[in-house]
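Listing of run.cif; format and content: mmCIF, C-alpha atoms.
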data_my_file
loop_
_atom_site.group_PDB
_atom_site.id
_atom_site.type_symbol
_atom_site.label_atom_id
_atom_site.label_comp_id
_atom_site.auth_asym_id
_atom_site.auth_seq_id
_atom_site.Cartn_x
_atom_site.Cartn_y
_atom_site.Cartn_z
ATOM 1 C CA MET A 7 -40.098 -84.763 153.225
ATOM 2 C CA LYS A 8 -43.062 -86.425 151.560
ATOM 3 C CA MET A 9 -46.334 -86.035 153.397
ATOM 4 C CA GLY A 10 -49.387 -88.239 153.567
ATOM 5 C CA LEU A 11 -49.258 -92.007 153.628
ATOM 6 C CA ASP A 12 -45.588 -91.995 152.559
ATOM 7 C CA PHE A 13 -44.833 -89.928 155.637
ATOM 8 C CA LEU A 14 -46.839 -92.290 157.825
ATOM 9 C CA ALA A 15 -44.763 -95.213 156.575
ATOM 10 C CA THR A 16 -41.561 -93.255 157.241
ATOM 11 C CA VAL A 17 -42.564 -92.496 160.822
ATOM 12 C CA VAL A 18 -43.559 -96.102 161.473
ATOM 13 C CA GLU A 19 -40.195 -97.342 160.243
ATOM 14 C CA SER A 20 -38.466 -94.847 162.530
ATOM 15 C CA LYS A 21 -40.587 -96.100 165.430
ATOM 16 C CA ARG A 22 -39.665 -99.703 164.659
ATOM 17 C CA LEU A 23 -35.984 -98.876 165.027
ATOM 18 C CA ARG A 24 -36.564 -97.062 168.314
ATOM 19 C CA LEU A 25 -38.773 -99.898 169.546
ATOM 20 C CA GLU A 26 -36.040 -102.467 168.987
ATOM 21 C CA LYS A 27 -33.660 -100.307 171.002
ATOM 22 C CA ALA A 28 -36.217 -99.929 173.809
ATOM 23 C CA LYS A 29 -36.735 -103.708 173.940
ATOM 24 C CA SER A 30 -33.004 -104.213 174.350
ATOM 25 C CA HIS A 31 -32.995 -101.954 177.426
ATOM 26 C CA VAL A 32 -36.181 -103.135 179.178
ATOM 27 C CA SER A 33 -37.463 -106.661 178.633
ATOM 28 C CA PHE A 34 -41.061 -107.281 177.618
ATOM 29 C CA TYR A 35 -41.723 -109.184 180.857
ATOM 30 C CA ASN A 36 -40.286 -106.490 183.122
ATOM 31 C CA LEU A 37 -42.195 -103.812 181.260
ATOM 32 C CA ARG A 38 -45.447 -105.765 181.486
ATOM 33 C CA ALA A 39 -44.944 -106.208 185.237
ATOM 34 C CA SER A 40 -44.428 -102.444 185.605
ATOM 35 C CA ALA A 41 -47.553 -101.776 183.553
ATOM 36 C CA TYR A 42 -49.659 -104.093 185.716
ATOM 37 C CA ASP A 43 -48.290 -102.447 188.863
ATOM 38 C CA VAL A 44 -49.224 -98.968 187.653
ATOM 39 C CA ARG A 45 -52.652 -100.024 186.451
ATOM 40 C CA THR A 46 -53.609 -101.692 189.756
ATOM 41 C CA ARG A 47 -53.380 -98.222 191.316
ATOM 42 C CA ALA A 48 -55.070 -96.320 188.495
ATOM 43 C CA ALA A 49 -58.735 -95.696 187.743
ATOM 44 C CA ARG A 50 -60.193 -97.853 184.987
ATOM 45 C CA ARG A 51 -61.481 -96.152 181.850
ATOM 46 C CA ALA A 52 -60.780 -92.694 183.290
ATOM 47 C CA PHE A 53 -60.339 -91.035 179.885
ATOM 48 C CA ARG A 54 -63.695 -92.180 178.543
ATOM 49 C CA SER A 55 -65.388 -91.243 181.808
ATOM 50 C CA ALA A 56 -64.031 -87.708 181.522
ATOM 51 C CA LEU A 57 -65.437 -87.343 178.003
ATOM 52 C CA ASN A 58 -68.829 -88.681 179.120
ATOM 53 C CA ASN A 59 -69.405 -85.585 181.249
ATOM 54 C CA ASP A 60 -72.413 -83.773 179.755
ATOM 55 C CA THR A 61 -72.102 -80.743 182.031
ATOM 56 C CA ARG A 62 -69.118 -79.171 180.253
ATOM 57 C CA ILE A 63 -67.265 -78.784 176.946
ATOM 58 C CA ASN A 64 -64.862 -81.724 176.895
ATOM 59 C CA ILE A 65 -61.573 -80.529 175.455
ATOM 60 C CA ILE A 66 -58.522 -82.775 175.243
ATOM 61 C CA ALA A 67 -55.750 -80.166 175.335
ATOM 62 C CA GLU A 68 -52.590 -81.320 173.610
ATOM 63 C CA ILE A 69 -48.912 -80.865 174.342
ATOM 64 C CA LYS A 70 -46.916 -81.095 171.132
ATOM 65 C CA ARG A 71 -43.414 -79.770 170.565
ATOM 66 C CA ALA A 72 -43.340 -79.957 166.756
ATOM 67 C CA SER A 73 -45.231 -81.125 163.687
ATOM 68 C CA PRO A 74 -43.942 -82.436 160.356
ATOM 69 C CA SER A 75 -45.630 -79.592 158.474
ATOM 70 C CA LYS A 76 -44.723 -76.693 160.787
ATOM 71 C CA ARG A 77 -41.563 -78.022 162.444
ATOM 72 C CA ARG A 78 -40.975 -76.576 165.921
ATOM 73 C CA LEU A 79 -44.141 -75.064 167.372
ATOM 74 C CA GLY A 80 -42.461 -72.694 169.792
ATOM 75 C CA LEU A 81 -43.578 -74.230 173.077
ATOM 76 C CA ASN A 82 -43.100 -71.219 175.338
ATOM 77 C CA ALA A 83 -43.284 -72.943 178.731
ATOM 78 C CA THR A 84 -42.258 -76.179 180.395
ATOM 79 C CA VAL A 85 -44.412 -79.267 179.931
ATOM 80 C CA GLN A 86 -45.347 -79.079 183.602
ATOM 81 C CA GLU A 87 -46.444 -75.440 183.273
ATOM 82 C CA VAL A 88 -48.494 -76.149 180.145
ATOM 83 C CA ALA A 89 -50.254 -79.136 181.729
ATOM 84 C CA ARG A 90 -51.168 -77.095 184.796
ATOM 85 C CA ALA A 91 -52.410 -74.212 182.639
ATOM 86 C CA TYR A 92 -54.636 -76.645 180.758
ATOM 87 C CA SER A 93 -55.960 -78.025 184.033
ATOM 88 C CA ARG A 94 -56.768 -74.546 185.345
ATOM 89 C CA GLY A 95 -58.324 -73.626 182.002
ATOM 90 C CA GLY A 96 -60.897 -76.399 182.203
ATOM 91 C CA ALA A 97 -59.487 -79.214 180.056
ATOM 92 C CA ALA A 98 -61.193 -82.583 180.437
ATOM 93 C CA ALA A 99 -57.952 -84.426 179.623
ATOM 94 C CA VAL A 100 -54.417 -83.826 178.364
ATOM 95 C CA SER A 101 -52.940 -85.376 175.221
ATOM 96 C CA VAL A 102 -49.163 -85.781 174.965
ATOM 97 C CA VAL A 103 -47.430 -86.434 171.649
ATOM 98 C CA THR A 104 -44.516 -88.731 172.474
ATOM 99 C CA GLU A 105 -43.034 -89.472 169.011
ATOM 100 C CA GLU A 106 -39.367 -88.485 169.074
ATOM 101 C CA ASP A 107 -37.994 -87.991 165.564
ATOM 102 C CA TYR A 108 -40.629 -85.895 163.813
ATOM 103 C CA PHE A 109 -42.653 -84.426 166.697
ATOM 104 C CA HIS A 110 -39.765 -84.134 169.202
ATOM 105 C CA GLY A 111 -41.808 -85.626 172.021
ATOM 106 C CA SER A 112 -40.937 -88.302 174.570
ATOM 107 C CA LEU A 113 -42.394 -90.603 177.179
ATOM 108 C CA GLU A 114 -40.706 -88.370 179.739
ATOM 109 C CA ASP A 115 -43.061 -85.570 178.645
ATOM 110 C CA LEU A 116 -45.965 -87.902 179.418
ATOM 111 C CA ARG A 117 -44.516 -88.862 182.798
ATOM 112 C CA THR A 118 -44.100 -85.176 183.628
ATOM 113 C CA VAL A 119 -47.736 -84.484 182.801
ATOM 114 C CA ARG A 120 -48.833 -87.500 184.861
ATOM 115 C CA ARG A 121 -46.960 -86.088 187.887
ATOM 116 C CA SER A 122 -48.247 -82.551 187.325
ATOM 117 C CA VAL A 123 -52.037 -82.922 186.991
ATOM 118 C CA SER A 124 -54.806 -85.300 188.010
ATOM 119 C CA LEU A 125 -56.531 -85.160 184.604
ATOM 120 C CA PRO A 126 -56.626 -88.283 182.413
ATOM 121 C CA VAL A 127 -53.655 -88.443 180.043
ATOM 122 C CA LEU A 128 -53.722 -89.663 176.431
ATOM 123 C CA ARG A 129 -50.554 -90.911 174.747
ATOM 124 C CA LYS A 130 -50.489 -89.897 171.079
ATOM 125 C CA ASP A 131 -47.942 -91.851 169.092
ATOM 126 C CA PHE A 132 -47.639 -94.394 166.290
ATOM 127 C CA ILE A 133 -48.524 -97.587 168.160
ATOM 128 C CA PHE A 134 -48.424 -100.973 166.451
ATOM 129 C CA ASP A 135 -46.845 -103.348 169.007
ATOM 130 C CA GLU A 136 -47.960 -104.784 172.353
ATOM 131 C CA TYR A 137 -44.732 -103.512 173.894
ATOM 132 C CA GLN A 138 -45.862 -99.937 173.218
ATOM 133 C CA VAL A 139 -49.187 -100.559 174.957
ATOM 134 C CA TYR A 140 -47.453 -101.773 178.122
ATOM 135 C CA GLU A 141 -44.970 -98.920 177.753
ATOM 136 C CA SER A 142 -47.863 -96.442 177.738
ATOM 137 C CA ALA A 143 -49.421 -97.975 180.846
ATOM 138 C CA ALA A 144 -46.122 -98.064 182.723
ATOM 139 C CA ALA A 145 -45.539 -94.383 181.937
ATOM 140 C CA GLY A 146 -48.908 -93.461 183.455
ATOM 141 C CA ALA A 147 -51.130 -93.018 180.405
ATOM 142 C CA ASP A 148 -54.867 -93.502 180.873
ATOM 143 C CA ALA A 149 -55.454 -93.847 177.140
ATOM 144 C CA LEU A 150 -53.572 -94.273 173.890
ATOM 145 C CA LEU A 151 -54.137 -93.609 170.215
ATOM 146 C CA LEU A 152 -54.604 -96.390 167.664
ATOM 147 C CA ILE A 153 -54.490 -95.171 164.050
ATOM 148 C CA VAL A 154 -56.609 -97.355 161.782
ATOM 149 C CA ALA A 155 -54.681 -96.281 158.657
ATOM 150 C CA MET A 156 -51.484 -97.951 159.900
ATOM 151 C CA LEU A 157 -52.921 -101.161 161.404
ATOM 152 C CA ASP A 158 -54.405 -104.299 159.893
ATOM 153 C CA ASP A 159 -57.698 -105.560 161.301
ATOM 154 C CA GLU A 160 -56.180 -108.281 163.492
ATOM 155 C CA THR A 161 -53.618 -105.941 165.045
ATOM 156 C CA LEU A 162 -56.188 -103.204 165.639
ATOM 157 C CA GLU A 163 -58.544 -105.542 167.468
ATOM 158 C CA ARG A 164 -55.738 -107.188 169.452
ATOM 159 C CA LEU A 165 -54.214 -103.910 170.625
ATOM 160 C CA ARG A 166 -57.609 -102.441 171.464
ATOM 161 C CA ASN A 167 -58.521 -105.477 173.563
ATOM 162 C CA LEU A 168 -55.165 -105.412 175.328
ATOM 163 C CA THR A 169 -55.591 -101.726 176.110
ATOM 164 C CA GLU A 170 -59.189 -101.765 177.255
ATOM 165 C CA VAL A 171 -59.951 -105.273 178.507
ATOM 166 C CA GLU A 172 -56.649 -106.353 180.017
ATOM 167 C CA LEU A 173 -55.325 -103.005 181.275
ATOM 168 C CA GLY A 174 -58.522 -101.026 181.854
ATOM 169 C CA MET A 175 -57.274 -98.089 179.786
ATOM 170 C CA ASP A 176 -58.993 -96.479 176.794
ATOM 171 C CA ALA A 177 -58.112 -96.748 173.121
ATOM 172 C CA LEU A 178 -58.980 -93.708 171.034
ATOM 173 C CA VAL A 179 -59.316 -95.322 167.605
ATOM 174 C CA GLU A 180 -58.535 -92.729 164.950
ATOM 175 C CA VAL A 181 -60.140 -92.670 161.500
ATOM 176 C CA HIS A 182 -59.882 -90.441 158.446
ATOM 177 C CA THR A 183 -62.291 -92.045 155.965
ATOM 178 C CA ARG A 184 -65.591 -93.908 155.657
ATOM 179 C CA GLU A 185 -63.759 -97.209 155.179
ATOM 180 C CA GLU A 186 -61.671 -96.623 158.298
ATOM 181 C CA MET A 187 -64.829 -95.830 160.262
ATOM 182 C CA ARG A 188 -66.243 -99.199 159.157
ATOM 183 C CA ARG A 189 -63.066 -100.999 160.195
ATOM 184 C CA ALA A 190 -62.988 -99.219 163.563
ATOM 185 C CA SER A 191 -66.565 -100.250 164.228
ATOM 186 C CA GLU A 192 -65.901 -103.876 163.260
ATOM 187 C CA SER A 193 -62.911 -103.959 165.620
ATOM 188 C CA GLY A 194 -65.296 -103.253 168.503
ATOM 189 C CA ALA A 195 -64.171 -99.673 169.057
ATOM 190 C CA THR A 196 -66.600 -97.535 171.030
ATOM 191 C CA LEU A 197 -64.321 -94.477 171.379
ATOM 192 C CA ILE A 198 -63.528 -93.114 167.917
ATOM 193 C CA GLY A 199 -61.604 -90.015 166.928
ATOM 194 C CA VAL A 200 -62.157 -88.419 163.531
ATOM 195 C CA ASN A 201 -58.997 -86.680 162.357
ATOM 196 C CA ASN A 202 -59.790 -83.621 160.259
ATOM 197 C CA ARG A 203 -56.355 -83.791 158.619
ATOM 198 C CA ASN A 204 -56.293 -85.383 155.165
ATOM 199 C CA LEU A 205 -53.485 -87.978 155.173
ATOM 200 C CA HIS A 206 -52.797 -87.454 151.469
ATOM 201 C CA THR A 207 -52.589 -83.646 151.397
ATOM 202 C CA PHE A 208 -52.283 -82.721 155.103
ATOM 203 C CA ASP A 209 -55.044 -80.153 154.548
ATOM 204 C CA VAL A 210 -57.296 -79.692 157.584
ATOM 205 C CA SER A 211 -61.051 -79.100 157.604
ATOM 206 C CA ILE A 212 -63.760 -79.864 160.152
ATOM 207 C CA GLU A 213 -65.907 -80.956 157.204
ATOM 208 C CA ALA A 214 -64.257 -84.358 157.671
ATOM 209 C CA SER A 215 -65.875 -84.676 161.091
ATOM 210 C CA LEU A 216 -69.204 -83.402 159.794
ATOM 211 C CA LYS A 217 -69.242 -85.931 156.945
ATOM 212 C CA LEU A 218 -68.114 -88.976 158.918
ATOM 213 C CA ILE A 219 -70.594 -88.476 161.764
ATOM 214 C CA THR A 220 -73.195 -90.042 159.461
ATOM 215 C CA GLU A 221 -71.064 -93.197 159.172
ATOM 216 C CA ALA A 222 -70.525 -93.674 162.910
ATOM 217 C CA PRO A 223 -72.294 -96.600 164.600
ATOM 218 C CA SER A 224 -74.794 -95.797 167.324
ATOM 219 C CA GLY A 225 -73.545 -95.708 170.893
ATOM 220 C CA VAL A 226 -70.012 -94.643 169.977
ATOM 221 C CA LEU A 227 -68.365 -91.748 171.806
ATOM 222 C CA LEU A 228 -66.931 -89.475 169.123
ATOM 223 C CA VAL A 229 -63.982 -87.095 169.307
ATOM 224 C CA SER A 230 -63.091 -84.515 166.653
ATOM 225 C CA GLU A 231 -59.340 -83.983 166.164
ATOM 226 C CA SER A 232 -57.157 -81.392 164.405
ATOM 227 C CA GLY A 233 -57.846 -77.905 163.102
ATOM 228 C CA LEU A 234 -60.058 -76.801 166.002
ATOM 229 C CA ARG A 235 -59.478 -73.181 166.966
ATOM 230 C CA ASN A 236 -62.649 -71.587 168.316
ATOM 231 C CA GLY A 237 -65.890 -72.100 170.155
ATOM 232 C CA ALA A 238 -68.015 -71.699 167.032
ATOM 233 C CA GLN A 239 -66.447 -74.828 165.518
ATOM 234 C CA LEU A 240 -67.018 -76.798 168.703
ATOM 235 C CA LYS A 241 -70.618 -75.622 168.949
ATOM 236 C CA ARG A 242 -71.263 -76.843 165.414
ATOM 237 C CA LEU A 243 -69.681 -80.223 166.133
ATOM 238 C CA LEU A 244 -71.562 -80.562 169.416
ATOM 239 C CA SER A 245 -74.835 -80.049 167.570
ATOM 240 C CA VAL A 246 -74.225 -83.123 165.397
ATOM 241 C CA GLY A 247 -73.097 -85.421 168.198
ATOM 242 C CA TYR A 248 -69.404 -85.017 169.004
ATOM 243 C CA ARG A 249 -68.563 -85.317 172.708
ATOM 244 C CA GLY A 250 -64.839 -84.570 172.790
ATOM 245 C CA PHE A 251 -62.497 -82.171 170.997
ATOM 246 C CA LEU A 252 -58.746 -82.564 170.676
ATOM 247 C CA ILE A 253 -57.023 -79.193 170.353
ATOM 248 C CA GLY A 254 -53.265 -78.801 170.013
ATOM 249 C CA GLU A 255 -51.492 -76.293 167.808
ATOM 250 C CA SER A 256 -53.926 -73.418 168.347
ATOM 251 C CA LEU A 257 -53.320 -73.672 172.105
ATOM 252 C CA ILE A 258 -49.584 -74.351 171.974
ATOM 253 C CA GLY A 259 -49.067 -71.187 169.943
ATOM 254 C CA THR A 260 -50.711 -68.893 172.517
ATOM 255 C CA GLU A 261 -48.904 -67.019 175.265
ATOM 256 C CA ASN A 262 -51.648 -67.505 177.865
ATOM 257 C CA LYS A 263 -52.839 -71.081 177.373
ATOM 258 C CA GLU A 264 -55.175 -71.033 180.353
ATOM 259 C CA GLU A 265 -57.060 -67.998 179.075
ATOM 260 C CA ALA A 266 -57.092 -69.299 175.490
ATOM 261 C CA LEU A 267 -58.671 -72.548 176.643
ATOM 262 C CA CYS A 268 -61.180 -70.750 178.877
ATOM 263 C CA SER A 269 -62.171 -68.545 175.945
ATOM 264 C CA ILE A 270 -62.833 -71.486 173.601
ATOM 265 C CA ILE A 271 -64.897 -73.258 176.259
ATOM 266 C CA ARG A 272 -66.852 -70.112 177.064
ATOM 267 C CA ASP A 273 -67.645 -69.402 173.406
ATOM 268 C CA ALA A 274 -68.667 -73.015 172.719
ATOM 269 C CA GLY A 275 -71.095 -72.983 175.620
ATOM 270 C CA GLU A 276 -72.865 -69.756 174.728
#

Structure translated into C-alpha cells:
Amino acid sequence: MKMGLDFLATVVESKRLRLEKAKSHVSFYNLRASAYDVRTRAARRAFRSALNNDTRINIIAEIKRASPSKRRLGLNATVQEVARAYSRGGAAAVSVVTEEDYFHGSLEDLRTVRRSVSLPVLRKDFIFDEYQVYESAAAGADALLLIVAMLDDETLERLRNLTEVELGMDALVEVHTREEMRRASESGATLIGVNNRNLHTFDVSIEASLKLITEAPSGVLLVSESGLRNGAQLKRLLSVGYRGFLIGESLIGTENKEEALCSIIRDAGE
C-alpha cells in the first residue's frame, strides 16, 4: 500500500463508500435529531476545558486497534478495560480511532468508551461530511478531528462551525505544515493539533511540533500528536507552549497501560 497523501486519498474514498451505506440505513434528519438529543444532555466544550487544566499533564490517551504502517497493534484488553485503565492512570481525555478498513476501529468502540468513563472523548477519523459530525455527536463524542490536509477551506470552516457553534463540541484541527497552520488559523480554529507524522514519508519526529509552534497564532490551545513515548519529550514540548499530548501506540503496546501512563505523567512533571 502506498503511504502519504496517496494513502490519505485511498482512505477517504473508502470512507465515502461507507458513508453512503450509513446514510441509507439512518437518514440525515433522524441522525441530526439524535445528535441534538445527546448534546442537550452533554457538557459544552468539555474536551477543550479538560486540556485547559494547568494543574496537570494533559494527556489524550488513544485507543487504536491497528495502523497502516504497523497493521494490528496487539490490543491486549477490551476497549472498556483500556479506557478505564487510562482514566485511572490520569488521562485528561480519551481518543478513539473509529476508521474501519485500515485502523479496524468503529463507532461502537467510541460508544463503549463513552459508557465506560466520564472523561471527554475525541473521535479520530477521516471526517469530511456534515453527516459524520452528527454521527460523532450521536455516538457520544465530545470532540472530533478535522484534518486540514484533506479539506478545502470552505469545508473546514463549515464543519468546524457546525461542531463547535451548533453542537457545542470541540474540533481538534490537525496540521502537518506551515501552510496548513495558516489555513487552520484562517478557518477560526483555536484548538490545533500538530501531527508529528510526515504525510509523505510517515516518519515521526517531535521536531515537527517544535518547528510549527513558531507559526501558531496567539491564544490557540496546541496539542502535539504522534510519536510521544516519554516524559522527557512532553517536558520539552510543555516548555515551548503545548498544552495537550496525544499518545497512542506507545500506550497500546504496553501490558500495564495504567502504570505506563502514570510513569509518563510523573516523568513529565519532574

Give me the range 83-130 of chain A side of the contact with range 141-152 of chain A, cut-off 8 Å, one line per residue showing its nearest atom pair and distance in Å at one decimal, counting only C-alpha atoms, sorted by chain and residue number, as a Markdown table.
| residue | atom | partner | partner_atom | distance |
| --- | --- | --- | --- | --- |
| A:Leu113 | CA | A:Ala145 | CA | 6.8 |
| A:Leu116 | CA | A:Ala145 | CA | 7.0 |
| A:Arg117 | CA | A:Ala145 | CA | 5.7 |
| A:Arg120 | CA | A:Gly146 | CA | 6.1 |
| A:Pro126 | CA | A:Asp148 | CA | 5.7 |
| A:Val127 | CA | A:Ala147 | CA | 5.2 |
| A:Leu128 | CA | A:Ala149 | CA | 4.6 |
| A:Arg129 | CA | A:Leu150 | CA | 4.6 |
| A:Lys130 | CA | A:Leu151 | CA | 5.3 |

Measure the distance from CA of Met187 in chain A to CA of Val200 in chain A in Å and round it to one decimal.
8.5 Å

Gap from CA of Asn262 in chain A to CA of Ala83 in chain A - Å, one decimal:
10.0 Å

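Taking CA of Val139 in chain A and CA of Asn59 in chain A as the two end points, the separation is 25.9 Å.
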
Take the PyMOL selection byres ((chain A and resi 92) around 12), run it mentally on this structure, and tell me the resulting residues as a PyMOL selection string.
chain A and resi 65-69+85-91+93-101+119+122-127+253-254+257-258+260+262-268+271

Output file for the selection above: C-alpha atoms, as a PDB file, keeping the file's coordinate frame:
ATOM      1  CA  ILE A  65     -61.573 -80.529 175.455  1.00  0.00           C
ATOM      2  CA  ILE A  66     -58.522 -82.775 175.243  1.00  0.00           C
ATOM      3  CA  ALA A  67     -55.750 -80.166 175.335  1.00  0.00           C
ATOM      4  CA  GLU A  68     -52.590 -81.320 173.610  1.00  0.00           C
ATOM      5  CA  ILE A  69     -48.912 -80.865 174.342  1.00  0.00           C
ATOM      6  CA  VAL A  85     -44.412 -79.267 179.931  1.00  0.00           C
ATOM      7  CA  GLN A  86     -45.347 -79.079 183.602  1.00  0.00           C
ATOM      8  CA  GLU A  87     -46.444 -75.440 183.273  1.00  0.00           C
ATOM      9  CA  VAL A  88     -48.494 -76.149 180.145  1.00  0.00           C
ATOM     10  CA  ALA A  89     -50.254 -79.136 181.729  1.00  0.00           C
ATOM     11  CA  ARG A  90     -51.168 -77.095 184.796  1.00  0.00           C
ATOM     12  CA  ALA A  91     -52.410 -74.212 182.639  1.00  0.00           C
ATOM     13  CA  SER A  93     -55.960 -78.025 184.033  1.00  0.00           C
ATOM     14  CA  ARG A  94     -56.768 -74.546 185.345  1.00  0.00           C
ATOM     15  CA  GLY A  95     -58.324 -73.626 182.002  1.00  0.00           C
ATOM     16  CA  GLY A  96     -60.897 -76.399 182.203  1.00  0.00           C
ATOM     17  CA  ALA A  97     -59.487 -79.214 180.056  1.00  0.00           C
ATOM     18  CA  ALA A  98     -61.193 -82.583 180.437  1.00  0.00           C
ATOM     19  CA  ALA A  99     -57.952 -84.426 179.623  1.00  0.00           C
ATOM     20  CA  VAL A 100     -54.417 -83.826 178.364  1.00  0.00           C
ATOM     21  CA  SER A 101     -52.940 -85.376 175.221  1.00  0.00           C
ATOM     22  CA  VAL A 119     -47.736 -84.484 182.801  1.00  0.00           C
ATOM     23  CA  SER A 122     -48.247 -82.551 187.325  1.00  0.00           C
ATOM     24  CA  VAL A 123     -52.037 -82.922 186.991  1.00  0.00           C
ATOM     25  CA  SER A 124     -54.806 -85.300 188.010  1.00  0.00           C
ATOM     26  CA  LEU A 125     -56.531 -85.160 184.604  1.00  0.00           C
ATOM     27  CA  PRO A 126     -56.626 -88.283 182.413  1.00  0.00           C
ATOM     28  CA  VAL A 127     -53.655 -88.443 180.043  1.00  0.00           C
ATOM     29  CA  ILE A 253     -57.023 -79.193 170.353  1.00  0.00           C
ATOM     30  CA  GLY A 254     -53.265 -78.801 170.013  1.00  0.00           C
ATOM     31  CA  LEU A 257     -53.320 -73.672 172.105  1.00  0.00           C
ATOM     32  CA  ILE A 258     -49.584 -74.351 171.974  1.00  0.00           C
ATOM     33  CA  THR A 260     -50.711 -68.893 172.517  1.00  0.00           C
ATOM     34  CA  ASN A 262     -51.648 -67.505 177.865  1.00  0.00           C
ATOM     35  CA  LYS A 263     -52.839 -71.081 177.373  1.00  0.00           C
ATOM     36  CA  GLU A 264     -55.175 -71.033 180.353  1.00  0.00           C
ATOM     37  CA  GLU A 265     -57.060 -67.998 179.075  1.00  0.00           C
ATOM     38  CA  ALA A 266     -57.092 -69.299 175.490  1.00  0.00           C
ATOM     39  CA  LEU A 267     -58.671 -72.548 176.643  1.00  0.00           C
ATOM     40  CA  CYS A 268     -61.180 -70.750 178.877  1.00  0.00           C
ATOM     41  CA  ILE A 271     -64.897 -73.258 176.259  1.00  0.00           C
TER      42      ILE A 271
END

Hey, can I get the axis-aligned box for range 222-231 of chain A? All listed atoms, 3 Å padding on each side, centre and edge lengths in Å to one decimal, as lines of an AutoDock Vina configuration file.
center_x = -67.1
center_y = -90.3
center_z = 167.4
size_x = 21.5
size_y = 18.6
size_z = 14.9

Among the residues A:Leu252, A:Ser269, A:Ala214, A:Val171, the one that comes closest to Ala238 in chain A [using only C-alpha atoms]:
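Using only C-alpha atoms, the shortest distance to Ala238 in chain A belongs to A:Ser269.
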
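With distances restricted to all atoms listed in the file, A:Arg45 is the closest residue to Tyr140 in chain A from A:Arg203, A:Arg164, A:Arg184, A:Arg45.
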
For Leu178 in chain A, which of A:Arg54, A:Asp135, A:Arg272, A:Ser245 is the closest residue, counting all atoms listed in the file?
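Answer, going by the shortest atom-to-atom distance: A:Arg54.
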
Matched chain/residue IDs from the PyMOL selection byres ((chain A and resi 106) around 10), as a PyMOL selection string:
chain A and resi 17+20-21+24+71-72+103-105+107-113+131

Nearest to Leu218 in chain A among A:Ile133, A:Val32, A:Leu234, A:Leu243, with distances taken over only C-alpha atoms: which residue is it?
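Under the stated criterion, the closest residue is A:Leu243.
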
Determine the residue set returned by the PyMOL selection byres ((chain A and resi 179) around 10) for the present structure, and present it as number ranges by chain.
A: 150-154, 162, 166, 176-178, 180-181, 186-187, 190-191, 193-200, 228-229

Neighbours of point (-47.4, -104.6, 180.2) within 10 Å, using all atoms listed in the file, written as number ranges by chain:
A: 34-45, 136-144, 168-169, 172-173

Report as a ChimeraX atom specification all protein, DNA and RNA residues lying within 10 Å of Asp158 in chain A, evaluated on all atoms listed in the file, omitting residues in the same chain fewer than 5 positions from it.
/A:134,163,189

Go through A:Thr16, A:Ser30, A:Thr46, A:Thr61 and flag the residue nearest Gly174 in chain A, using only C-alpha atoms for the distances.
A:Thr46

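You can rank A:Arg235, A:His31, A:Arg62, A:Arg121 by their closest distance to Gly259 in chain A using only C-alpha atoms, and at the top of that list sits A:Arg235.
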